[in-house]
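Participant: Pasting a structure below so you can have a look.
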Amino acid sequence: MTNSTTNSITTKRFVIRQSLIGKNTIITFVTKKGDTVSYSHDDVYNAHKSRFDAMNCFAKYKSYTNSNAMPAFCRNLQLTK
């Protein structure tokens, strides 16, 4: 798969997965407050790579999730609010 192709995924929570790195995926989810948020998985991961790689959950489960909202440290990278 090339980076010129964009994939879209709709989930119930914010997620960064090792399996999606480099897949040029746009993820959309609805927060607990009902706001729809979209973000580029690769942009968020690349901007905070060292943070995600240092997380125990990312090492053990190969993913990081937040079911309430987009984490404060990466909200500036969201595509929609």
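Chain identifiers are assigned as A, B, and so on, following the order in which chains appear in the structure tokens; residues are numbered from 1 within each chain, and ligands are numbered from 1 in order of appearance.
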Neighbouring residues of Gln78 (chain A) were defined as those with any atom within 10 Å, considering only C-alpha atoms; residues of the same chain fewer than 4 positions away were excluded. Please report them as number ranges by chain.
Facilitator: A: 27-28, 37-41, 43-44, 70, 74
Participant: For region 53-58 of chain A, work out the shell of residues within 8 Å, counting only C-alpha atoms and skipping chain neighbours fewer than 4 positions away, then give it as a short mmCIF file (atom, residue, chain, number, x, y, z; two decimals) with N, CA and C atoms, in the first residue's frame.
Facilitator:
data_model
loop_
_atom_site.label_atom_id
_atom_site.label_comp_id
_atom_site.auth_asym_id
_atom_site.auth_seq_id
_atom_site.Cartn_x
_atom_site.Cartn_y
_atom_site.Cartn_z
N ARG A 17 -2.65 2.56 16.86
CA ARG A 17 -2.27 1.14 16.78
C ARG A 17 -1.00 0.97 15.97
N GLN A 18 -0.13 0.08 16.41
CA GLN A 18 1.08 -0.21 15.65
C GLN A 18 0.73 -0.73 14.26
N LYS A 49 5.72 10.14 18.73
CA LYS A 49 6.28 8.78 18.64
C LYS A 49 6.97 8.34 19.92
N LYS A 62 0.23 -3.22 21.80
CA LYS A 62 0.46 -2.64 20.47
C LYS A 62 -0.57 -1.57 20.10
N SER A 63 -1.18 -0.95 21.14
CA SER A 63 -2.13 0.13 20.88
C SER A 63 -2.29 1.02 22.10
N TYR A 64 -2.80 2.22 21.86
CA TYR A 64 -3.15 3.16 22.92
C TYR A 64 -4.55 3.65 22.61
#
Participant: Rounded to one decimal, what separation in Å do you get between CA of Arg13 (chain A) and CA of Ile26 (chain A)?
Facilitator: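 Value for the CA of Arg13 (chain A)-CA of Ile26 (chain A) distance: 13.2 Å.
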Participant: Distance CA of Thr11 (chain A)-CA of Val30 (chain A), one decimal place?
Facilitator: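 Separation between CA of Thr11 (chain A) and CA of Val30 (chain A): 7.8 Å.
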Participant: So the first atom is CA of Gly22 (chain A) and the second is CA of His48 (chain A); what is the distance between them in Å, to one decimal place?
Facilitator: 14.3 Å
Participant: Which parts of region 7-80 of chain A does DSSP call helix (DSSP H, G or I) when run on the backbone here, written out as a list in words?
Facilitator: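 DSSP on the backbone gives helix (DSSP H, G or I) at Gln18, Ser19, Leu20, His41, Asp42, Asp43, Val44, Tyr45, Asn46, Ala47, Lys49, Ser50, Arg51, Phe52, Asp53, Ala54, Asn56, Cys57, Phe58, Ala59, Lys60, Tyr61, Ala72, Phe73, Cys74, Arg75, Asn76 and Leu77 of chain A.
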Participant: Put those residues in a file: C-alpha atoms, as a tab-separated table (two decimals), in the first residue's frame.
Facilitator:
chain	number	residue	atom	x	y	z
A	18	GLN	CA	1.08	-0.21	15.65
A	19	SER	CA	-0.72	-2.07	12.84
A	20	LEU	CA	-1.93	1.26	11.37
A	41	HIS	CA	-3.28	8.41	12.65
A	42	ASP	CA	0.21	8.85	11.16
A	43	ASP	CA	0.42	12.58	11.96
A	44	VAL	CA	-0.51	12.00	15.62
A	45	TYR	CA	1.82	9.00	15.95
A	46	ASN	CA	4.78	10.73	14.28
A	47	ALA	CA	4.36	13.90	16.35
A	49	LYS	CA	6.28	8.78	18.64
A	50	SER	CA	8.56	8.78	21.67
A	51	ARG	CA	5.60	9.23	24.02
A	52	PHE	CA	3.64	6.31	22.52
A	53	ASP	CA	6.70	4.06	22.28
A	54	ALA	CA	7.42	4.64	25.98
A	56	ASN	CA	3.55	0.17	28.69
A	57	CYS	CA	0.21	-0.42	26.96
A	58	PHE	CA	1.74	0.33	23.56
A	59	ALA	CA	4.53	-2.18	24.16
A	60	LYS	CA	2.24	-4.86	25.58
A	61	TYR	CA	-0.96	-4.46	23.53
A	72	ALA	CA	-4.87	16.82	25.43
A	73	PHE	CA	-1.30	16.34	24.20
A	74	CYS	CA	-2.46	15.79	20.61
A	75	ARG	CA	-5.67	17.82	20.31
A	76	ASN	CA	-3.85	20.38	18.14
A	77	LEU	CA	-3.58	17.67	15.45
Participant: My list of candidates is A:Thr65, A:Phe29, A:Pro71, A:Leu79. Which is closest to Ile16 (chain A) when distances are computed with only C-alpha atoms?
Facilitator: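 Between A:Thr65, A:Phe29, A:Pro71, A:Leu79, the residue approaching Ile16 (chain A) most closely is A:Thr65.
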